[in-house]
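Asks: This is entry33.pdb (PDB, C-alpha atoms, pLDDT in the B column).
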ATOM      1  CA  MET P   1      53.526-196.207 171.179  1.00 48.00           C
ATOM      2  CA  GLU P   2      55.924-197.648 168.631  1.00 47.00           C
ATOM      3  CA  THR P   3      53.066-197.792 166.119  1.00 47.00           C
ATOM      4  CA  LEU P   4      52.296-194.106 166.602  1.00 42.00           C
ATOM      5  CA  PHE P   5      55.966-193.248 166.219  1.00 36.00           C
ATOM      6  CA  LEU P   6      56.160-195.265 162.982  1.00 37.00           C
ATOM      7  CA  ILE P   7      53.072-193.503 161.574  1.00 37.00           C
ATOM      8  CA  PHE P   8      54.607-190.138 162.441  1.00 35.00           C
ATOM      9  CA  VAL P   9      57.871-191.056 160.701  1.00 32.00           C
ATOM     10  CA  ILE P  10      56.043-192.207 157.550  1.00 34.00           C
ATOM     11  CA  PHE P  11      53.973-188.992 157.534  1.00 34.00           C
ATOM     12  CA  LEU P  12      57.078-186.849 157.965  1.00 32.00           C
ATOM     13  CA  GLU P  13      58.945-188.676 155.185  1.00 34.00           C
ATOM     14  CA  ARG P  14      55.958-188.256 152.872  1.00 35.00           C
ATOM     15  CA  LYS P  15      55.725-184.524 153.569  1.00 33.00           C
ATOM     16  CA  MET P  16      59.468-184.154 152.991  1.00 30.00           C
ATOM     17  CA  LEU P  17      59.141-186.011 149.675  1.00 31.00           C
ATOM     18  CA  GLU P  18      56.250-183.805 148.586  1.00 35.00           C
ATOM     19  CA  SER P  19      58.258-180.726 149.491  1.00 33.00           C
ATOM     20  CA  ALA P  20      61.298-181.983 147.556  1.00 33.00           C
ATOM     21  CA  GLU P  21      59.263-182.903 144.483  1.00 42.00           C
ATOM     22  CA  GLY P  22      57.523-179.567 144.519  1.00 44.00           C
ATOM     23  CA  ALA P  23      54.344-178.729 142.666  1.00 48.00           C
ATOM     24  CA  ARG P  24      52.913-180.321 139.546  1.00 88.00           C
ATOM     25  CA  VAL P  25      52.711-178.212 136.383  1.00 93.00           C
ATOM     26  CA  ARG P  26      50.123-178.084 133.614  1.00 94.00           C
ATOM     27  CA  LEU P  27      49.157-175.895 130.660  1.00 94.00           C
ATOM     28  CA  VAL P  28      45.453-175.090 130.306  1.00 92.00           C
ATOM     29  CA  ASN P  29      42.861-173.206 128.259  1.00 89.00           C
ATOM     30  CA  SER P  30      44.233-173.983 124.793  1.00 84.00           C
ATOM     31  CA  GLY P  31      42.957-177.464 123.949  1.00 75.00           C
ATOM     32  CA  SER P  32      46.524-178.801 123.949  1.00 80.00           C
ATOM     33  CA  PRO P  33      48.626-180.178 126.826  1.00 83.00           C
ATOM     34  CA  CYS P  34      51.652-178.418 125.321  1.00 88.00           C
ATOM     35  CA  ALA P  35      50.319-174.866 125.195  1.00 90.00           C
ATOM     36  CA  GLY P  36      48.319-172.609 127.454  1.00 91.00           C
ATOM     37  CA  ARG P  37      48.242-170.810 130.767  1.00 94.00           C
ATOM     38  CA  VAL P  38      50.866-172.097 133.202  1.00 96.00           C
ATOM     39  CA  GLU P  39      49.306-173.563 136.332  1.00 96.00           C
ATOM     40  CA  VAL P  40      51.070-175.141 139.301  1.00 95.00           C
ATOM     41  CA  TYR P  41      49.610-177.371 142.002  1.00 93.00           C
ATOM     42  CA  HIS P  42      50.860-175.914 145.260  1.00 90.00           C
ATOM     43  CA  ASP P  43      49.658-176.316 148.832  1.00 87.00           C
ATOM     44  CA  GLY P  44      46.552-178.259 147.795  1.00 89.00           C
ATOM     45  CA  GLN P  45      45.393-175.923 145.022  1.00 90.00           C
ATOM     46  CA  TRP P  46      46.067-175.126 141.372  1.00 94.00           C
ATOM     47  CA  GLY P  47      47.398-171.614 140.881  1.00 94.00           C
ATOM     48  CA  THR P  48      48.999-169.459 138.210  1.00 95.00           C
ATOM     49  CA  VAL P  49      52.419-167.896 137.727  1.00 95.00           C
ATOM     50  CA  SER P  50      52.734-164.131 137.442  1.00 92.00           C
ATOM     51  CA  GLY P  51      54.408-163.016 134.234  1.00 87.00           C
ATOM     52  CA  PHE P  52      54.542-159.381 135.300  1.00 81.00           C
ATOM     53  CA  GLY P  53      57.377-157.589 133.553  1.00 66.00           C
ATOM     54  CA  SER P  54      57.664-160.307 130.897  1.00 51.00           C
ATOM     55  CA  GLY P  55      60.959-160.193 129.039  1.00 51.00           C
ATOM     56  CA  ALA P  56      64.058-158.749 130.680  1.00 49.00           C
ATOM     57  CA  SER P  57      62.553-158.565 134.166  1.00 52.00           C
ATOM     58  CA  GLY P  58      59.889-161.262 134.145  1.00 77.00           C
ATOM     59  CA  TRP P  59      58.516-164.326 132.351  1.00 90.00           C
ATOM     60  CA  ASP P  60      60.617-165.110 129.270  1.00 92.00           C
ATOM     61  CA  MET P  61      61.712-167.842 126.856  1.00 92.00           C
ATOM     62  CA  LEU P  62      64.043-169.442 129.396  1.00 93.00           C
ATOM     63  CA  ASP P  63      61.121-169.911 131.764  1.00 94.00           C
ATOM     64  CA  ALA P  64      58.985-171.300 128.928  1.00 94.00           C
ATOM     65  CA  ALA P  65      61.787-173.672 127.895  1.00 94.00           C
ATOM     66  CA  VAL P  66      61.917-175.189 131.379  1.00 95.00           C
ATOM     67  CA  VAL P  67      58.135-175.709 131.426  1.00 95.00           C
ATOM     68  CA  CYS P  68      58.176-177.349 127.981  1.00 93.00           C
ATOM     69  CA  LYS P  69      61.072-179.588 129.008  1.00 90.00           C
ATOM     70  CA  GLU P  70      59.366-180.569 132.252  1.00 92.00           C
ATOM     71  CA  LEU P  71      56.184-181.529 130.399  1.00 90.00           C
ATOM     72  CA  GLY P  72      58.031-183.351 127.611  1.00 85.00           C
ATOM     73  CA  CYS P  73      56.583-181.006 125.013  1.00 86.00           C
ATOM     74  CA  GLY P  74      59.633-180.131 122.940  1.00 83.00           C
ATOM     75  CA  ALA P  75      61.116-176.683 122.380  1.00 88.00           C
ATOM     76  CA  ALA P  76      59.564-173.457 123.619  1.00 91.00           C
ATOM     77  CA  LEU P  77      58.146-171.296 120.834  1.00 88.00           C
ATOM     78  CA  SER P  78      56.636-168.486 122.855  1.00 88.00           C
ATOM     79  CA  ALA P  79      56.390-167.026 126.354  1.00 91.00           C
ATOM     80  CA  SER P  80      53.676-164.562 127.341  1.00 90.00           C
ATOM     81  CA  GLY P  81      52.992-162.688 130.545  1.00 90.00           C
ATOM     82  CA  ASP P  82      49.727-160.934 129.719  1.00 89.00           C
ATOM     83  CA  ALA P  83      47.092-163.639 130.350  1.00 91.00           C
ATOM     84  CA  HIS P  84      47.144-164.545 126.652  1.00 89.00           C
ATOM     85  CA  PHE P  85      45.349-167.803 127.485  1.00 90.00           C
ATOM     86  CA  GLY P  86      42.865-166.154 129.816  1.00 91.00           C
ATOM     87  CA  GLU P  87      42.994-165.267 133.489  1.00 92.00           C
ATOM     88  CA  GLY P  88      43.103-168.013 136.096  1.00 92.00           C
ATOM     89  CA  SER P  89      40.656-168.273 138.994  1.00 88.00           C
ATOM     90  CA  GLY P  90      42.888-169.695 141.711  1.00 88.00           C
ATOM     91  CA  PRO P  91      45.712-167.963 143.559  1.00 93.00           C
ATOM     92  CA  VAL P  92      48.939-166.730 142.018  1.00 94.00           C
ATOM     93  CA  VAL P  93      51.524-169.114 143.456  1.00 93.00           C
ATOM     94  CA  ALA P  94      54.790-167.743 142.062  1.00 91.00           C
ATOM     95  CA  ARG P  95      56.173-164.418 140.872  1.00 89.00           C
ATOM     96  CA  TYR P  96      59.394-163.137 139.378  1.00 90.00           C
ATOM     97  CA  VAL P  97      60.431-166.595 138.209  1.00 92.00           C
ATOM     98  CA  ARG P  98      63.919-166.537 136.680  1.00 91.00           C
ATOM     99  CA  CYS P  99      64.734-169.947 135.198  1.00 93.00           C
ATOM    100  CA  ARG P 100      68.183-170.935 133.968  1.00 90.00           C
ATOM    101  CA  TRP P 101      69.239-173.460 131.329  1.00 86.00           C
ATOM    102  CA  ILE P 102      70.415-175.792 134.088  1.00 89.00           C
ATOM    103  CA  ASP P 103      66.978-175.950 135.720  1.00 92.00           C
ATOM    104  CA  SER P 104      65.103-179.185 135.020  1.00 89.00           C
ATOM    105  CA  ALA P 105      61.746-178.141 136.487  1.00 92.00           C
ATOM    106  CA  LEU P 106      59.872-174.922 137.181  1.00 94.00           C
ATOM    107  CA  ARG P 107      60.021-175.512 140.937  1.00 91.00           C
ATOM    108  CA  ARG P 108      63.830-175.415 140.798  1.00 91.00           C
ATOM    109  CA  CYS P 109      63.944-171.973 139.188  1.00 92.00           C
ATOM    110  CA  PRO P 110      64.817-168.974 141.382  1.00 91.00           C
ATOM    111  CA  SER P 111      61.752-166.916 142.302  1.00 89.00           C
ATOM    112  CA  TRP P 112      60.232-164.903 145.116  1.00 87.00           C
ATOM    113  CA  GLY P 113      59.068-168.148 146.644  1.00 85.00           C
ATOM    114  CA  TRP P 114      56.101-170.501 146.298  1.00 89.00           C
ATOM    115  CA  ARG P 115      53.076-169.305 148.247  1.00 87.00           C
ATOM    116  CA  HIS P 116      49.556-168.002 147.632  1.00 89.00           C
ATOM    117  CA  TYR P 117      49.850-164.385 146.471  1.00 88.00           C
ATOM    118  CA  ASN P 118      46.120-163.772 146.708  1.00 83.00           C
ATOM    119  CA  TRP P 119      46.444-160.008 146.289  1.00 87.00           C
ATOM    120  CA  ILE P 120      48.114-160.199 142.854  1.00 87.00           C
ATOM    121  CA  SER P 121      46.001-159.683 139.720  1.00 89.00           C
ATOM    122  CA  HIS P 122      45.603-162.484 137.164  1.00 92.00           C
ATOM    123  CA  SER P 123      46.019-159.993 134.309  1.00 92.00           C
ATOM    124  CA  HIS P 124      49.675-161.046 134.029  1.00 92.00           C
ATOM    125  CA  ASP P 125      49.210-164.818 134.159  1.00 94.00           C
ATOM    126  CA  ALA P 126      52.072-166.536 132.320  1.00 94.00           C
ATOM    127  CA  GLY P 127      51.535-168.625 129.202  1.00 94.00           C
ATOM    128  CA  VAL P 128      53.627-170.970 127.072  1.00 93.00           C
ATOM    129  CA  ILE P 129      53.542-172.457 123.578  1.00 90.00           C
ATOM    130  CA  CYS P 130      55.748-175.510 122.955  1.00 90.00           C
ATOM    131  CA  SER P 131      56.830-176.868 119.575  1.00 81.00           C
ATOM    132  CA  ASP P 132      54.511-179.850 119.276  1.00 71.00           C
ATOM    133  CA  SER P 133      51.337-178.085 120.403  1.00 66.00           C
ATOM    134  CA  PHE P 134      50.040-176.709 117.110  1.00 70.00           C
ATOM    135  CA  GLN P 135      47.174-178.984 116.084  1.00 75.00           C
ATOM    136  CA  LYS P 136      45.499-179.200 112.708  1.00 81.00           C
ATOM    137  CA  PRO P 137      42.212-177.313 112.383  1.00 86.00           C
ATOM    138  CA  ALA P 138      38.874-179.102 112.317  1.00 87.00           C
ATOM    139  CA  ILE P 139      35.965-178.207 110.041  1.00 89.00           C
ATOM    140  CA  SER P 140      32.320-179.034 110.685  1.00 89.00           C
ATOM    141  CA  LEU P 141      28.993-178.386 108.969  1.00 89.00           C
ATOM    142  CA  LYS P 142      25.513-177.709 110.278  1.00 89.00           C
ATOM    143  CA  PRO P 143      23.437-179.500 109.173  1.00 89.00           C
ATOM    144  CA  ASP P 144      25.988-182.316 109.170  1.00 88.00           C
ATOM    145  CA  SER P 145      25.795-183.304 105.530  1.00 86.00           C
ATOM    146  CA  ARG P 146      27.999-183.401 102.437  1.00 88.00           C
ATOM    147  CA  MET P 147      25.085-182.966 100.039  1.00 89.00           C
ATOM    148  CA  PHE P 148      22.818-179.909  99.832  1.00 88.00           C
ATOM    149  CA  VAL P 149      19.965-178.748  97.640  1.00 87.00           C
ATOM    150  CA  LYS P 150      20.692-175.774  95.391  1.00 85.00           C
ATOM    151  CA  GLY P 151      19.873-172.537  97.219  1.00 83.00           C
ATOM    152  CA  GLU P 152      20.198-174.120 100.664  1.00 85.00           C
ATOM    153  CA  SER P 153      22.322-172.456 103.354  1.00 85.00           C
ATOM    154  CA  ALA P 154      24.607-174.016 105.955  1.00 87.00           C
ATOM    155  CA  GLU P 155      26.977-173.128 108.777  1.00 89.00           C
ATOM    156  CA  ILE P 156      30.633-174.040 108.309  1.00 89.00           C
ATOM    157  CA  SER P 157      32.729-173.866 111.468  1.00 90.00           C
ATOM    158  CA  CYS P 158      36.496-173.968 111.791  1.00 90.00           C
ATOM    159  CA  SER P 159      38.180-174.653 115.129  1.00 88.00           C
ATOM    160  CA  GLY P 160      41.763-174.719 116.366  1.00 83.00           C
ATOM    161  CA  ASN P 161      43.476-175.044 119.712  1.00 76.00           C
ATOM    162  CA  TYR P 162      44.256-171.371 120.376  1.00 77.00           C
ATOM    163  CA  PRO P 163      41.568-168.851 121.398  1.00 79.00           C
ATOM    164  CA  GLY P 164      41.701-165.577 119.499  1.00 82.00           C
ATOM    165  CA  SER P 165      43.313-167.056 116.372  1.00 86.00           C
ATOM    166  CA  LYS P 166      42.743-165.731 112.864  1.00 90.00           C
ATOM    167  CA  PHE P 167      40.777-168.289 110.820  1.00 91.00           C
ATOM    168  CA  THR P 168      40.689-168.426 107.025  1.00 91.00           C
ATOM    169  CA  PHE P 169      38.160-170.445 105.003  1.00 90.00           C
ATOM    170  CA  TYR P 170      38.947-171.780 101.541  1.00 91.00           C
ATOM    171  CA  ARG P 171      36.914-173.310  98.726  1.00 90.00           C
ATOM    172  CA  ASP P 172      38.867-175.003  95.952  1.00 90.00           C
ATOM    173  CA  GLY P 173      41.982-173.028  96.815  1.00 87.00           C
ATOM    174  CA  LYS P 174      40.326-169.588  96.966  1.00 90.00           C
ATOM    175  CA  ILE P 175      39.811-167.605 100.160  1.00 90.00           C
ATOM    176  CA  ILE P 176      36.139-167.060 100.910  1.00 88.00           C
ATOM    177  CA  LYS P 177      36.511-165.473 104.325  1.00 88.00           C
ATOM    178  CA  SER P 178      39.041-164.530 107.013  1.00 90.00           C
ATOM    179  CA  GLU P 179      37.957-163.680 110.540  1.00 90.00           C
ATOM    180  CA  LEU P 180      39.536-163.206 113.950  1.00 90.00           C
ATOM    181  CA  ALA P 181      37.999-165.319 116.704  1.00 88.00           C
ATOM    182  CA  PRO P 182      37.104-163.619 120.004  1.00 83.00           C
ATOM    183  CA  LYS P 183      39.904-163.804 122.563  1.00 75.00           C
ATOM    184  CA  ILE P 184      38.202-166.471 124.662  1.00 75.00           C
ATOM    185  CA  HIS P 185      36.971-168.623 121.742  1.00 80.00           C
ATOM    186  CA  ASN P 186      38.744-170.933 119.308  1.00 84.00           C
ATOM    187  CA  VAL P 187      35.946-171.300 116.735  1.00 90.00           C
ATOM    188  CA  VAL P 188      34.768-169.144 113.841  1.00 92.00           C
ATOM    189  CA  THR P 189      31.574-169.911 111.896  1.00 91.00           C
ATOM    190  CA  PHE P 190      31.008-168.967 108.255  1.00 87.00           C
ATOM    191  CA  THR P 191      27.357-168.743 107.141  1.00 87.00           C
ATOM    192  CA  PRO P 192      27.036-168.244 103.368  1.00 82.00           C
ATOM    193  CA  SER P 193      23.586-167.286 102.109  1.00 78.00           C
ATOM    194  CA  GLU P 194      23.904-170.093  99.568  1.00 81.00           C
ATOM    195  CA  ILE P 195      26.408-172.898  99.789  1.00 86.00           C
ATOM    196  CA  SER P 196      28.305-173.900  96.649  1.00 88.00           C
ATOM    197  CA  ALA P 197      29.789-177.202  95.518  1.00 90.00           C
ATOM    198  CA  GLY P 198      33.482-177.741  96.072  1.00 92.00           C
ATOM    199  CA  HIS P 199      36.131-178.724  98.574  1.00 91.00           C
ATOM    200  CA  TYR P 200      36.203-176.596 101.737  1.00 91.00           C
ATOM    201  CA  TRP P 201      38.969-176.351 104.290  1.00 90.00           C
ATOM    202  CA  CYS P 202      40.334-173.906 106.801  1.00 90.00           C
ATOM    203  CA  GLU P 203      43.513-172.882 108.570  1.00 89.00           C
ATOM    204  CA  TYR P 204      44.304-170.669 111.507  1.00 88.00           C
ATOM    205  CA  THR P 205      47.204-168.468 112.512  1.00 86.00           C
ATOM    206  CA  GLU P 206      48.414-167.545 115.982  1.00 78.00           C
ATOM    207  CA  SER P 207      50.375-164.359 116.640  1.00 72.00           C
ATOM    208  CA  MET P 208      52.516-163.941 119.728  1.00 62.00           C
ATOM    209  CA  ASP P 209      55.678-162.007 120.508  1.00 56.00           C
ATOM    210  CA  GLY P 210      55.702-160.532 117.012  1.00 62.00           C
ATOM    211  CA  ARG P 211      55.713-163.951 115.346  1.00 67.00           C
ATOM    212  CA  GLU P 212      52.925-165.564 113.334  1.00 75.00           C
ATOM    213  CA  ARG P 213      52.472-169.321 112.985  1.00 76.00           C
ATOM    214  CA  THR P 214      50.032-171.101 110.685  1.00 81.00           C
ATOM    215  CA  SER P 215      48.417-174.451 111.408  1.00 78.00           C
ATOM    216  CA  PRO P 216      50.370-177.229 109.657  1.00 67.00           C
ATOM    217  CA  GLU P 217      47.504-179.332 108.287  1.00 65.00           C
ATOM    218  CA  ARG P 218      44.122-178.731 106.747  1.00 69.00           C
ATOM    219  CA  GLU P 219      41.086-180.945 106.922  1.00 72.00           C
ATOM    220  CA  ARG P 220      39.060-180.833 103.664  1.00 84.00           C
ATOM    221  CA  VAL P 221      35.363-181.477 103.219  1.00 89.00           C
ATOM    222  CA  GLY P 222      33.751-182.087  99.836  1.00 91.00           C
ATOM    223  CA  ILE P 223      30.256-180.700  99.270  1.00 91.00           C
ATOM    224  CA  SER P 224      27.890-181.590  96.424  1.00 92.00           C
ATOM    225  CA  ILE P 225      24.857-179.600  95.298  1.00 89.00           C
ATOM    226  CA  LEU P 226      21.647-181.150  93.967  1.00 86.00           C
ATOM    227  CA  GLY P 227      19.175-179.352  91.739  1.00 74.00           C
ATOM    228  CA  ARG P 228      15.640-178.808  93.002  1.00 62.00           C
ATOM    229  CA  ASN P 229      14.322-181.539  90.686  1.00 58.00           C
ATOM    230  CA  ASP P 230      17.142-184.084  91.257  1.00 53.00           C
TER
END
Let me see the structure of the file written as structure tokens.
Replies:
Amino acid sequence: METLFLIFVIFLERKMLESAEGARVRLVNSGSPCAGRVEVYHDGQWGTVSGFGSGASGWDMLDAAVVCKELGCGAALSASGDAHFGEGSGPVVARYVRCRWIDSALRRCPSWGWRHYNWISHSHDAGVICSDSFQKPAISLKPDSRMFVKGESAEISCSGNYPGSKFTFYRDGKIIKSELAPKIHNVVTFTPSEISAGHYWCEYTESMDGRERTSPERERVGISILGRND
């Protein structure tokens, strides 16, 4: 009997601790742990946060700042409430979140309560971009070579960590193409009819809340061209 009582006490203490600690938080669908759709682990399932009425009456920079601080990701750069990082598939677990500067975690922010709001649309899923989330772009070639025969074609792909970004390709400092990636993709592929010798690189820009940010670093690839008789 004492053993059963002890097990019950341990179980109760554990449930109280879980309740006090609240849900875990993560940012997904961006390729970076410091940017993406806000998801919270609540009641055994990952769910999203509704950003309906983003700005004065909904998800805003104060909310984003608390998420970034909780994740150790630096300062908040952007807050979105329009499923900018895609719509989630689980339940909406919080709505009308109103964080304050004194809040140290999202679970401590005033809201309409943590529960499964299964009837709420994911079209307003909240998103966040934190200061150290902007990764350098990557460039790849298909076929994977740095030497081509004159007249040969190739695919040059540029990828970043934000779907829907604007990608710009350069060769020796000159723009050869700019293209907007589809909203759910973070890669753009350039297919010239004939590849030329030179140094290729790319960059991408992300626009949110009226601000535009450009990737900080560029990865360059040198390509050589051989004549048919070389």
Asks: With all atoms listed in the file as the counted atoms, please give the residues lying no more than 6 Å from Ile156 (chain P), apart from itself and same-chain residues fewer than 6 positions off, as a VMD selection string.
Replies: chain P and resid 140 to 141 189 to 190
Asks: If we count only C-alpha atoms, what is near Ala64 (chain P) at a cut-off of 9 Å, once residues fewer than 3 positions away on the same chain are taken out, given as a list in words?
Replies: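 That gives Trp59, Asp60, Met61, Val67, Cys68, Lys69, Ala75, Ala76, Leu77, Ser78, Ala79, Ser80, Cys99, Gly127, Val128, Ile129 and Cys130 of chain P.
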Asks: CA of Lys183 (chain P) to CA of Phe167 (chain P): how many Å, to one decimal?
Replies: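 CA of Phe167 (chain P) lies at a distance of 12.6 Å from CA of Lys183 (chain P).
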Asks: Taking the file as shown, find all residues satisfying the PyMOL selection byres ((chain P and resi 109-117) around 7) and write them as a PyMOL selection string.
Replies: chain P and resi 91-100+103+106-108+118-120
Asks: Which residues, named as in the file, does the PyMOL selection byres ((chain P and resi 185) around 10) pick out? Answer as a list in words.
Replies: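 Listing what the PyMOL selection byres ((chain P and resi 185) around 10) selects in the shown file: Asn29, Ser30, Ser159, Gly160, Asn161, Tyr162, Pro163, Gly164, Ser165, Leu180, Ala181, Pro182, Lys183, Ile184, Asn186, Val187 and Val188 of chain P.
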Asks: To verify the selection step, state as a list in words which residues the PyMOL selection byres ((chain P and resi 176) around 12) yields on this input.
Replies: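 Taken on the displayed file, the PyMOL selection byres ((chain P and resi 176) around 12) yields the residues Ile156, Phe167, Thr168, Phe169, Tyr170, Arg171, Asp172, Gly173, Lys174, Ile175, Lys177, Ser178, Glu179, Phe190, Thr191, Pro192, Ile195, Ser196, His199, Tyr200, Trp201 and Cys202 of chain P.
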Asks: Grab the residues selected above and save them as a PDB file, in the frame of the given file with C-alpha atoms.
Replies:
ATOM      1  CA  ILE P 156      30.633-174.040 108.309  1.00 89.00           C
ATOM      2  CA  PHE P 167      40.777-168.289 110.820  1.00 91.00           C
ATOM      3  CA  THR P 168      40.689-168.426 107.025  1.00 91.00           C
ATOM      4  CA  PHE P 169      38.160-170.445 105.003  1.00 90.00           C
ATOM      5  CA  TYR P 170      38.947-171.780 101.541  1.00 91.00           C
ATOM      6  CA  ARG P 171      36.914-173.310  98.726  1.00 90.00           C
ATOM      7  CA  ASP P 172      38.867-175.003  95.952  1.00 90.00           C
ATOM      8  CA  GLY P 173      41.982-173.028  96.815  1.00 87.00           C
ATOM      9  CA  LYS P 174      40.326-169.588  96.966  1.00 90.00           C
ATOM     10  CA  ILE P 175      39.811-167.605 100.160  1.00 90.00           C
ATOM     11  CA  LYS P 177      36.511-165.473 104.325  1.00 88.00           C
ATOM     12  CA  SER P 178      39.041-164.530 107.013  1.00 90.00           C
ATOM     13  CA  GLU P 179      37.957-163.680 110.540  1.00 90.00           C
ATOM     14  CA  PHE P 190      31.008-168.967 108.255  1.00 87.00           C
ATOM     15  CA  THR P 191      27.357-168.743 107.141  1.00 87.00           C
ATOM     16  CA  PRO P 192      27.036-168.244 103.368  1.00 82.00           C
ATOM     17  CA  ILE P 195      26.408-172.898  99.789  1.00 86.00           C
ATOM     18  CA  SER P 196      28.305-173.900  96.649  1.00 88.00           C
ATOM     19  CA  HIS P 199      36.131-178.724  98.574  1.00 91.00           C
ATOM     20  CA  TYR P 200      36.203-176.596 101.737  1.00 91.00           C
ATOM     21  CA  TRP P 201      38.969-176.351 104.290  1.00 90.00           C
ATOM     22  CA  CYS P 202      40.334-173.906 106.801  1.00 90.00           C
TER      23      CYS P 202
END
Asks: Could you state the separation of CA of Gly151 (chain P) and CA of Ile223 (chain P) in Å, given to one decimal place?
Replies: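 Here the two named atoms are 13.4 Å from each other.
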Asks: Counting all atoms listed in the file, which of P:Ser215, P:Ser104, P:Gln45, P:Ser89 gets nearest to Ala138 (chain P)?
Replies: P:Ser215
Asks: What is the CA of Ser121 (chain P)-CA of Lys166 (chain P) distance in Å, reported with one decimal?
Replies: 27.7 Å
Asks: Each side padded by 8 Å, which centre and which edge lengths in Å (one decimal) define the axis-aligned box around the listed atoms of region 152-163 of chain P? Give them as lines of an AutoDock Vina configuration file.
Replies:
center_x = 32.2
center_y = -171.9
center_z = 111.0
size_x = 40.1
size_y = 22.2
size_z = 36.7
Asks: Env of Met147 (chain P): 9 Å cut, atoms = all atoms listed in the file, seq-sep filter 2 positions within chain, self excluded. Answer as a list in words.
Replies: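 That gives Ser145, Val149, Ala197, Gly222, Ile223, Ser224, Ile225 and Leu226 of chain P.
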Asks: Measuring atom to atom with all atoms listed in the file, identify which of P:Ser50, P:Trp101, P:Gly31, P:Gly81 is nearest to Ala65 (chain P).
Replies: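 Smallest distance to Ala65 (chain P) is found for P:Trp101.
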Asks: Rank nothing, just name the residue among P:Ala126, P:Leu71, P:Val49, P:Leu62 nearest to Ala83 (chain P), using all atoms listed in the file.
Replies: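 Going through P:Ala126, P:Leu71, P:Val49, P:Leu62 one by one, the smallest distance to Ala83 (chain P) is for P:Ala126.
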Asks: Quick one: of P:Glu212, P:Glu206, P:Glu194, P:Asp125, who's nearest to Gly88 (chain P), counting all atoms listed in the file?
Replies: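 Nearest to Gly88 (chain P): P:Asp125.
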Asks: Please list as an mmCIF file with C-alpha atoms, in the frame of the given file every residue within 9 Å of Glu87 (chain P), counting all atoms listed in the file and excluding residues in the same chain fewer than 5 positions away.
Replies:
data_model
loop_
_atom_site.group_PDB
_atom_site.id
_atom_site.type_symbol
_atom_site.label_atom_id
_atom_site.label_comp_id
_atom_site.auth_asym_id
_atom_site.auth_seq_id
_atom_site.Cartn_x
_atom_site.Cartn_y
_atom_site.Cartn_z
ATOM 1 C CA ARG P 37 48.242 -170.810 130.767
ATOM 2 C CA THR P 48 48.999 -169.459 138.210
ATOM 3 C CA ASP P 82 49.727 -160.934 129.719
ATOM 4 C CA SER P 121 46.001 -159.683 139.720
ATOM 5 C CA HIS P 122 45.603 -162.484 137.164
ATOM 6 C CA SER P 123 46.019 -159.993 134.309
ATOM 7 C CA HIS P 124 49.675 -161.046 134.029
ATOM 8 C CA ASP P 125 49.210 -164.818 134.159
#
